[in-house]
Number of protein chains: 2
Amino acid sequence: MILDAGGQLMAQGGYARFSAREVAKRIGYSVGTVVNLFNGVDGLVVAINSATFRQWTGFLESHLHGADGPDRIVRLVDGYFGFARDNLNRWAAIYEHRLPPDVPMPSLLADARSALTTVVAREVAAVLPGTPAPAVASLTRSLIATVHGHCVFALNGSFAVLGENDPLALAVGRVTESLRANGAVL
Amino acid sequence: MILDAGGQLMAQGGYARFSAREVAKRIGYSVGTVVNLFNGVDGLVVAINSATFRQWTGFLESHLHGADGPDRIVRLVDGYFGFARDNLNRWAAIYEHRLPPDVPMPSLLADARSALTTVVAREVAAVLPGTPAPAVASLTRSLIATVHGHCVFALNGSFAVLGENDPLALAVGRVTESLRANGAVL
DNA sequence: ACAGAAATTAGACGATGTTCAATTTATAAA
DNA sequence: TTTATAAATTGAACATCGTCTAATTTCTGT
């Protein structure tokens, strides 16, 4: 109940308007219950963001379904953008939420993130046969960062204010160039 | 006074702990004064972030001083990372702060952002002689997004949790690859 | 039916941003 | 210098937030 209502509230108002009290009100419980169950509002947000990560991974997989060859890379980038655009507030919450600098990243969140990375790494490896695994892993992380940067600027208005109107094409372009530079034939 | 104290508070506690009341307390004024002068706490944050942008631009320029040739590109990427690392909280505040979805980006902030972009565009154009201006502008925006993505992941722990320990090298690698793919000789 | 454990609550607490009538301070004219 | 007008500043009230804890309700198993 809490995760459902919390996810909906996050989707509606974004992280800025998220409130444990509002979640409690929506499910008819008191604030204390909601907050104690997750060790504070931070824990609740972490749980919601982890769920978002898992949905994102599933979305990517289904977006890849049926494609083959180099087209899968385009689908991958397109899926990253698509999920973020269609779930703007929940997607943004993943990166807007920062827990206190001393507490380590909960494994719930780290694992969810790793799962998404694994999907991308699999696709990168597929277009780079014969490339050593560590190099594939490193390039994967870098390409995710590349696409993420484009996605952030596309969705927070940075690209718009700079006059850019096709961020997805830019991201696909950079990813393609880097894959080719590292030996892929696309 | 307000901007000075506000910038210091942002640097110390980050956006999460930023408070107009604390700013007022530090300069010995009341909350109302601080907030009314900037049309709410959002306006104050916008002013602080714009100042950060301008400092960032200045830092980049001074970081480029004395370098020439393709080395300037490396300096550019290194400067982007360096400022973010050395001014983590104030840098992060630029991207953590989101104003309500209906209000447009204040020109104060948009102009500061454009100024930084202009510096990068100048350097990109220098290594791509003969490239049409619109193509340079587009590639510039894309490369900034690329570096930004790497910077975000480096500083928010995403790279660390994925086992990556040299984000700067990755960013330089991607930028170099894309510049070469677009005709630069580096 | 009952006792112990678990879940849940109510309420107080300190802090936040917003708002606005009231007050103080600065400015310029007489 | 006095005065009147404008500007700056305040103080307090308000609604909301996350956190905490003692008290209460509900569940569970004997």
# chains A, B, ... in the order shown; residues from 1 in each chain; ligands from 1
call {"tool": "interface_residues", "arguments": {"of": "chain A", "to": "chain C", "cutoff": "8 Å", "atoms": "only C-alpha atoms (C1' of nucleotides)", "output": "PyMOL selection string"}}
result
chain A and resi 30+32-33
call {"tool": "select_by_dssp", "arguments": {"residues": "range 8-52 of chain A", "states": "helix (DSSP H, G or I)", "output": "JSON list (two decimals) with N, CA, C and O atoms, in the first residue's frame"}}
result
[["chain", "number", "residue", "atom", "x", "y", "z"],
["A", 8, "GLN", "N", 2.65, 6.65, -6.71],
["A", 8, "GLN", "CA", 1.68, 7.53, -7.38],
["A", 8, "GLN", "C", 1.91, 8.99, -7.02],
["A", 8, "GLN", "O", 1.88, 9.87, -7.89],
["A", 9, "LEU", "N", 2.14, 9.24, -5.73],
["A", 9, "LEU", "CA", 2.38, 10.62, -5.30],
["A", 9, "LEU", "C", 3.63, 11.17, -5.97],
["A", 9, "LEU", "O", 3.66, 12.32, -6.43],
["A", 10, "MET", "N", 4.67, 10.35, -6.03],
["A", 10, "MET", "CA", 5.91, 10.78, -6.68],
["A", 10, "MET", "C", 5.66, 11.09, -8.15],
["A", 10, "MET", "O", 6.17, 12.09, -8.68],
["A", 11, "ALA", "N", 4.87, 10.26, -8.80],
["A", 11, "ALA", "CA", 4.57, 10.47, -10.21],
["A", 11, "ALA", "C", 3.78, 11.76, -10.41],
["A", 11, "ALA", "O", 3.97, 12.47, -11.40],
["A", 12, "GLN", "N", 2.90, 12.06, -9.47],
["A", 12, "GLN", "CA", 2.04, 13.24, -9.64],
["A", 12, "GLN", "C", 2.74, 14.55, -9.31],
["A", 12, "GLN", "O", 2.62, 15.52, -10.05],
["A", 13, "GLY", "N", 3.45, 14.57, -8.19],
["A", 13, "GLY", "CA", 4.01, 15.83, -7.73],
["A", 13, "GLY", "C", 5.52, 15.95, -7.83],
["A", 13, "GLY", "O", 6.07, 17.01, -7.59],
["A", 14, "GLY", "N", 6.17, 14.85, -8.14],
["A", 14, "GLY", "CA", 7.62, 14.89, -8.19],
["A", 14, "GLY", "C", 8.24, 14.89, -6.81],
["A", 14, "GLY", "O", 7.54, 14.98, -5.79],
["A", 15, "TYR", "N", 9.55, 14.81, -6.80],
["A", 15, "TYR", "CA", 10.26, 14.72, -5.52],
["A", 15, "TYR", "C", 10.06, 15.98, -4.68],
["A", 15, "TYR", "O", 9.96, 15.90, -3.46],
["A", 16, "ALA", "N", 9.97, 17.12, -5.33],
["A", 16, "ALA", "CA", 9.85, 18.38, -4.59],
["A", 16, "ALA", "C", 8.59, 18.41, -3.73],
["A", 16, "ALA", "O", 8.60, 18.95, -2.64],
["A", 17, "ARG", "N", 7.50, 17.83, -4.23],
["A", 17, "ARG", "CA", 6.25, 17.88, -3.49],
["A", 17, "ARG", "C", 5.97, 16.58, -2.74],
["A", 17, "ARG", "O", 4.89, 16.42, -2.17],
["A", 20, "ALA", "N", 5.77, 12.30, 3.13],
["A", 20, "ALA", "CA", 5.34, 11.09, 3.83],
["A", 20, "ALA", "C", 3.97, 11.27, 4.45],
["A", 20, "ALA", "O", 3.17, 10.34, 4.52],
["A", 21, "ARG", "N", 3.70, 12.48, 4.88],
["A", 21, "ARG", "CA", 2.38, 12.75, 5.48],
["A", 21, "ARG", "C", 1.27, 12.56, 4.45],
["A", 21, "ARG", "O", 0.20, 12.03, 4.76],
["A", 22, "GLU", "N", 1.53, 13.01, 3.22],
["A", 22, "GLU", "CA", 0.52, 12.86, 2.19],
["A", 22, "GLU", "C", 0.31, 11.39, 1.85],
["A", 22, "GLU", "O", -0.82, 10.95, 1.63],
["A", 23, "VAL", "N", 1.39, 10.63, 1.82],
["A", 23, "VAL", "CA", 1.28, 9.19, 1.58],
["A", 23, "VAL", "C", 0.40, 8.56, 2.65],
["A", 23, "VAL", "O", -0.52, 7.79, 2.37],
["A", 24, "ALA", "N", 0.69, 8.92, 3.90],
["A", 24, "ALA", "CA", -0.08, 8.36, 5.01],
["A", 24, "ALA", "C", -1.55, 8.72, 4.87],
["A", 24, "ALA", "O", -2.44, 7.89, 5.06],
["A", 25, "LYS", "N", -1.83, 9.97, 4.54],
["A", 25, "LYS", "CA", -3.21, 10.41, 4.40],
["A", 25, "LYS", "C", -3.94, 9.60, 3.33],
["A", 25, "LYS", "O", -5.09, 9.21, 3.49],
["A", 26, "ARG", "N", -3.23, 9.33, 2.23],
["A", 26, "ARG", "CA", -3.88, 8.64, 1.12],
["A", 26, "ARG", "C", -4.24, 7.20, 1.44],
["A", 26, "ARG", "O", -5.19, 6.65, 0.88],
["A", 27, "ILE", "N", -3.47, 6.56, 2.30],
["A", 27, "ILE", "CA", -3.79, 5.17, 2.63],
["A", 27, "ILE", "C", -4.49, 5.06, 3.97],
["A", 27, "ILE", "O", -4.76, 3.96, 4.44],
["A", 31, "VAL", "N", 1.26, 9.15, 10.08],
["A", 31, "VAL", "CA", 2.60, 9.42, 9.57],
["A", 31, "VAL", "C", 3.62, 8.45, 10.17],
["A", 31, "VAL", "O", 4.47, 7.92, 9.47],
["A", 32, "GLY", "N", 3.51, 8.27, 11.48],
["A", 32, "GLY", "CA", 4.48, 7.44, 12.18],
["A", 32, "GLY", "C", 4.63, 6.08, 11.56],
["A", 32, "GLY", "O", 5.75, 5.59, 11.33],
["A", 33, "THR", "N", 3.52, 5.44, 11.26],
["A", 33, "THR", "CA", 3.56, 4.10, 10.67],
["A", 33, "THR", "C", 4.35, 4.10, 9.37],
["A", 33, "THR", "O", 5.27, 3.29, 9.17],
["A", 34, "VAL", "N", 3.98, 5.01, 8.50],
["A", 34, "VAL", "CA", 4.63, 5.08, 7.18],
["A", 34, "VAL", "C", 6.13, 5.28, 7.33],
["A", 34, "VAL", "O", 6.94, 4.64, 6.66],
["A", 35, "VAL", "N", 6.48, 6.17, 8.23],
["A", 35, "VAL", "CA", 7.88, 6.58, 8.34],
["A", 35, "VAL", "C", 8.71, 5.55, 9.11],
["A", 35, "VAL", "O", 9.85, 5.26, 8.76],
["A", 36, "ASN", "N", 8.12, 4.98, 10.15],
["A", 36, "ASN", "CA", 8.88, 4.01, 10.95],
["A", 36, "ASN", "C", 9.16, 2.73, 10.15],
["A", 36, "ASN", "O", 10.21, 2.11, 10.31],
["A", 37, "LEU", "N", 8.24, 2.36, 9.30],
["A", 37, "LEU", "CA", 8.42, 1.15, 8.51],
["A", 37, "LEU", "C", 9.62, 1.23, 7.57],
["A", 37, "LEU", "O", 10.24, 0.22, 7.25],
["A", 41, "VAL", "N", 11.79, 9.11, 6.04],
["A", 41, "VAL", "CA", 11.29, 9.36, 4.70],
["A", 41, "VAL", "C", 12.34, 9.00, 3.65],
["A", 41, "VAL", "O", 12.00, 8.62, 2.52],
["A", 42, "ASP", "N", 13.61, 9.11, 4.03],
["A", 42, "ASP", "CA", 14.67, 8.74, 3.08],
["A", 42, "ASP", "C", 14.54, 7.28, 2.65],
["A", 42, "ASP", "O", 14.69, 6.96, 1.47],
["A", 43, "GLY", "N", 14.28, 6.41, 3.62],
["A", 43, "GLY", "CA", 14.14, 5.00, 3.30],
["A", 43, "GLY", "C", 12.96, 4.75, 2.37],
["A", 43, "GLY", "O", 13.03, 3.90, 1.48],
["A", 44, "LEU", "N", 11.90, 5.51, 2.58],
["A", 44, "LEU", "CA", 10.72, 5.37, 1.71],
["A", 44, "LEU", "C", 11.06, 5.78, 0.29],
["A", 44, "LEU", "O", 10.72, 5.09, -0.68],
["A", 45, "VAL", "N", 11.75, 6.89, 0.16],
["A", 45, "VAL", "CA", 12.11, 7.35, -1.19],
["A", 45, "VAL", "C", 13.05, 6.35, -1.85],
["A", 45, "VAL", "O", 12.92, 6.06, -3.05],
["A", 46, "VAL", "N", 13.97, 5.80, -1.08],
["A", 46, "VAL", "CA", 14.88, 4.79, -1.63],
["A", 46, "VAL", "C", 14.09, 3.60, -2.16],
["A", 46, "VAL", "O", 14.36, 3.09, -3.25],
["A", 47, "ALA", "N", 13.09, 3.18, -1.40],
["A", 47, "ALA", "CA", 12.28, 2.04, -1.83],
["A", 47, "ALA", "C", 11.52, 2.36, -3.11],
["A", 47, "ALA", "O", 11.44, 1.55, -4.03],
["A", 48, "ILE", "N", 10.97, 3.56, -3.17],
["A", 48, "ILE", "CA", 10.23, 3.97, -4.37],
["A", 48, "ILE", "C", 11.17, 4.05, -5.57],
["A", 48, "ILE", "O", 10.87, 3.56, -6.66],
["A", 49, "ASN", "N", 12.33, 4.64, -5.37],
["A", 49, "ASN", "CA", 13.28, 4.78, -6.47],
["A", 49, "ASN", "C", 13.80, 3.42, -6.94],
["A", 49, "ASN", "O", 14.03, 3.22, -8.13],
["A", 50, "SER", "N", 13.97, 2.50, -6.01],
["A", 50, "SER", "CA", 14.41, 1.16, -6.41],
["A", 50, "SER", "C", 13.35, 0.50, -7.28],
["A", 50, "SER", "O", 13.66, -0.16, -8.28],
["A", 51, "ALA", "N", 12.10, 0.68, -6.90],
["A", 51, "ALA", "CA", 11.01, 0.12, -7.71],
["A", 51, "ALA", "C", 11.01, 0.75, -9.11],
["A", 51, "ALA", "O", 10.80, 0.06, -10.11],
["A", 52, "THR", "N", 11.24, 2.04, -9.16],
["A", 52, "THR", "CA", 11.31, 2.71, -10.46],
["A", 52, "THR", "C", 12.43, 2.12, -11.31],
["A", 52, "THR", "O", 12.26, 1.87, -12.51]]
call {"tool": "interface_residues", "arguments": {"of": "chain D", "to": "chain B", "cutoff": "10 Å", "atoms": "only C-alpha atoms (C1' of nucleotides)", "output": "ChimeraX atom specification"}}
result
/D:8-11
call {"tool": "write_last_selection", "arguments": {"atoms": "all heavy atoms", "output": "PDB file, in the first residue's frame"}}
result
ATOM      1  P    DA D   8      13.876  49.801  -1.681  1.00  0.00           P
ATOM      2  OP1  DA D   8      15.154  49.706  -2.394  1.00  0.00           O
ATOM      3  OP2  DA D   8      12.682  49.076  -2.164  1.00  0.00           O
ATOM      4  O5'  DA D   8      14.119  49.395  -0.160  1.00  0.00           O
ATOM      5  C5'  DA D   8      14.861  50.277   0.676  1.00  0.00           C
ATOM      6  C4'  DA D   8      14.758  49.835   2.130  1.00  0.00           C
ATOM      7  O4'  DA D   8      13.429  50.116   2.632  1.00  0.00           O
ATOM      8  C3'  DA D   8      15.002  48.345   2.365  1.00  0.00           C
ATOM      9  O3'  DA D   8      15.920  48.228   3.429  1.00  0.00           O
ATOM     10  C2'  DA D   8      13.619  47.800   2.730  1.00  0.00           C
ATOM     11  C1'  DA D   8      12.966  49.001   3.371  1.00  0.00           C
ATOM     12  N9   DA D   8      11.501  49.042   3.309  1.00  0.00           N
ATOM     13  C8   DA D   8      10.707  48.932   2.209  1.00  0.00           C
ATOM     14  N7   DA D   8       9.423  49.024   2.465  1.00  0.00           N
ATOM     15  C5   DA D   8       9.370  49.228   3.838  1.00  0.00           C
ATOM     16  C6   DA D   8       8.287  49.417   4.736  1.00  0.00           C
ATOM     17  N6   DA D   8       7.012  49.430   4.351  1.00  0.00           N
ATOM     18  N1   DA D   8       8.595  49.595   6.043  1.00  0.00           N
ATOM     19  C2   DA D   8       9.888  49.581   6.420  1.00  0.00           C
ATOM     20  N3   DA D   8      10.983  49.408   5.662  1.00  0.00           N
ATOM     21  C4   DA D   8      10.646  49.247   4.376  1.00  0.00           C
ATOM     22  P    DT D   9      16.591  46.758   3.740  1.00  0.00           P
ATOM     23  OP1  DT D   9      17.947  46.991   4.268  1.00  0.00           O
ATOM     24  OP2  DT D   9      16.365  45.861   2.592  1.00  0.00           O
ATOM     25  O5'  DT D   9      15.674  46.282   4.951  1.00  0.00           O
ATOM     26  C5'  DT D   9      15.601  47.107   6.116  1.00  0.00           C
ATOM     27  C4'  DT D   9      14.522  46.602   7.047  1.00  0.00           C
ATOM     28  O4'  DT D   9      13.223  46.867   6.483  1.00  0.00           O
ATOM     29  C3'  DT D   9      14.534  45.094   7.314  1.00  0.00           C
ATOM     30  O3'  DT D   9      15.070  44.876   8.612  1.00  0.00           O
ATOM     31  C2'  DT D   9      13.062  44.662   7.202  1.00  0.00           C
ATOM     32  C1'  DT D   9      12.318  45.989   7.113  1.00  0.00           C
ATOM     33  N1   DT D   9      11.062  45.956   6.296  1.00  0.00           N
ATOM     34  C2   DT D   9       9.868  46.184   6.917  1.00  0.00           C
ATOM     35  O2   DT D   9       9.765  46.414   8.104  1.00  0.00           O
ATOM     36  N3   DT D   9       8.760  46.137   6.085  1.00  0.00           N
ATOM     37  C4   DT D   9       8.758  45.878   4.725  1.00  0.00           C
ATOM     38  O4   DT D   9       7.717  45.864   4.088  1.00  0.00           O
ATOM     39  C5   DT D   9      10.055  45.633   4.130  1.00  0.00           C
ATOM     40  C7   DT D   9      10.167  45.336   2.661  1.00  0.00           C
ATOM     41  C6   DT D   9      11.134  45.689   4.940  1.00  0.00           C
ATOM     42  P    DT D  10      15.134  43.363   9.166  1.00  0.00           P
ATOM     43  OP1  DT D  10      16.259  43.301  10.122  1.00  0.00           O
ATOM     44  OP2  DT D  10      15.018  42.393   8.074  1.00  0.00           O
ATOM     45  O5'  DT D  10      13.795  43.335  10.003  1.00  0.00           O
ATOM     46  C5'  DT D  10      13.509  44.413  10.892  1.00  0.00           C
ATOM     47  C4'  DT D  10      12.093  44.292  11.411  1.00  0.00           C
ATOM     48  O4'  DT D  10      11.161  44.402  10.321  1.00  0.00           O
ATOM     49  C3'  DT D  10      11.806  42.950  12.093  1.00  0.00           C
ATOM     50  O3'  DT D  10      11.494  43.189  13.448  1.00  0.00           O
ATOM     51  C2'  DT D  10      10.626  42.361  11.296  1.00  0.00           C
ATOM     52  C1'  DT D  10      10.055  43.573  10.585  1.00  0.00           C
ATOM     53  N1   DT D  10       9.402  43.285   9.275  1.00  0.00           N
ATOM     54  C2   DT D  10       8.055  43.423   9.145  1.00  0.00           C
ATOM     55  O2   DT D  10       7.335  43.775  10.052  1.00  0.00           O
ATOM     56  N3   DT D  10       7.568  43.139   7.879  1.00  0.00           N
ATOM     57  C4   DT D  10       8.294  42.740   6.771  1.00  0.00           C
ATOM     58  O4   DT D  10       7.755  42.518   5.703  1.00  0.00           O
ATOM     59  C5   DT D  10       9.707  42.607   6.979  1.00  0.00           C
ATOM     60  C7   DT D  10      10.599  42.188   5.854  1.00  0.00           C
ATOM     61  C6   DT D  10      10.196  42.879   8.202  1.00  0.00           C
ATOM     62  P    DG D  11      11.958  42.150  14.564  1.00  0.00           P
ATOM     63  OP1  DG D  11      12.630  42.904  15.632  1.00  0.00           O
ATOM     64  OP2  DG D  11      12.611  41.008  13.925  1.00  0.00           O
ATOM     65  O5'  DG D  11      10.547  41.659  15.115  1.00  0.00           O
ATOM     66  C5'  DG D  11       9.514  42.609  15.288  1.00  0.00           C
ATOM     67  C4'  DG D  11       8.178  41.918  15.102  1.00  0.00           C
ATOM     68  O4'  DG D  11       7.891  41.788  13.694  1.00  0.00           O
ATOM     69  C3'  DG D  11       8.117  40.513  15.696  1.00  0.00           C
ATOM     70  O3'  DG D  11       7.139  40.491  16.724  1.00  0.00           O
ATOM     71  C2'  DG D  11       7.777  39.596  14.515  1.00  0.00           C
ATOM     72  C1'  DG D  11       7.256  40.557  13.448  1.00  0.00           C
ATOM     73  N9   DG D  11       7.574  40.179  12.074  1.00  0.00           N
ATOM     74  C8   DG D  11       8.795  39.744  11.598  1.00  0.00           C
ATOM     75  N7   DG D  11       8.776  39.499  10.311  1.00  0.00           N
ATOM     76  C5   DG D  11       7.478  39.783   9.925  1.00  0.00           C
ATOM     77  C6   DG D  11       6.872  39.694   8.639  1.00  0.00           C
ATOM     78  O6   DG D  11       7.387  39.345   7.582  1.00  0.00           O
ATOM     79  N1   DG D  11       5.540  40.083   8.688  1.00  0.00           N
ATOM     80  C2   DG D  11       4.873  40.492   9.813  1.00  0.00           C
ATOM     81  N2   DG D  11       3.593  40.828   9.660  1.00  0.00           N
ATOM     82  N3   DG D  11       5.428  40.566  11.010  1.00  0.00           N
ATOM     83  C4   DG D  11       6.724  40.199  10.989  1.00  0.00           C
TER      84       DG D  11
END
call {"tool": "interface_residues", "arguments": {"of": "chain B", "to": "chain A", "cutoff": "10 Å", "atoms": "only C-alpha atoms", "output": "count of residues only"}}
result
59
call {"tool": "atom_distance", "arguments": {"atom1": "CA of Ala184 in chain B", "atom2": "CA of Gly69 in chain B"}}
result
11.3 Å
call {"tool": "closest_residue", "arguments": {"among": "A:Gly183, A:Phe53, A:Leu76, A:Phe38", "to": "Gly130 in chain A", "atoms": "only C-alpha atoms"}}
result
A:Gly183
call {"tool": "residues_around", "arguments": {"residues": "Gly79 in chain A", "least_positions_apart": "4", "cutoff": "8 Å", "atoms": "only C-alpha atoms (C1' of nucleotides)", "output": "VMD selection string"}}
result
chain A and resid 59 to 60 63 75 83
call {"tool": "residues_around", "arguments": {"residues": "Leu155 in chain B", "least_positions_apart": "6", "cutoff": "9 Å", "atoms": "only C-alpha atoms (C1' of nucleotides)", "output": "PyMOL selection string"}}
result
chain B and resi 84-85+88+92
call {"tool": "atom_distance", "arguments": {"atom1": "CA of Glu123 in chain A", "atom2": "CA of Phe81 in chain A"}}
result
16.6 Å
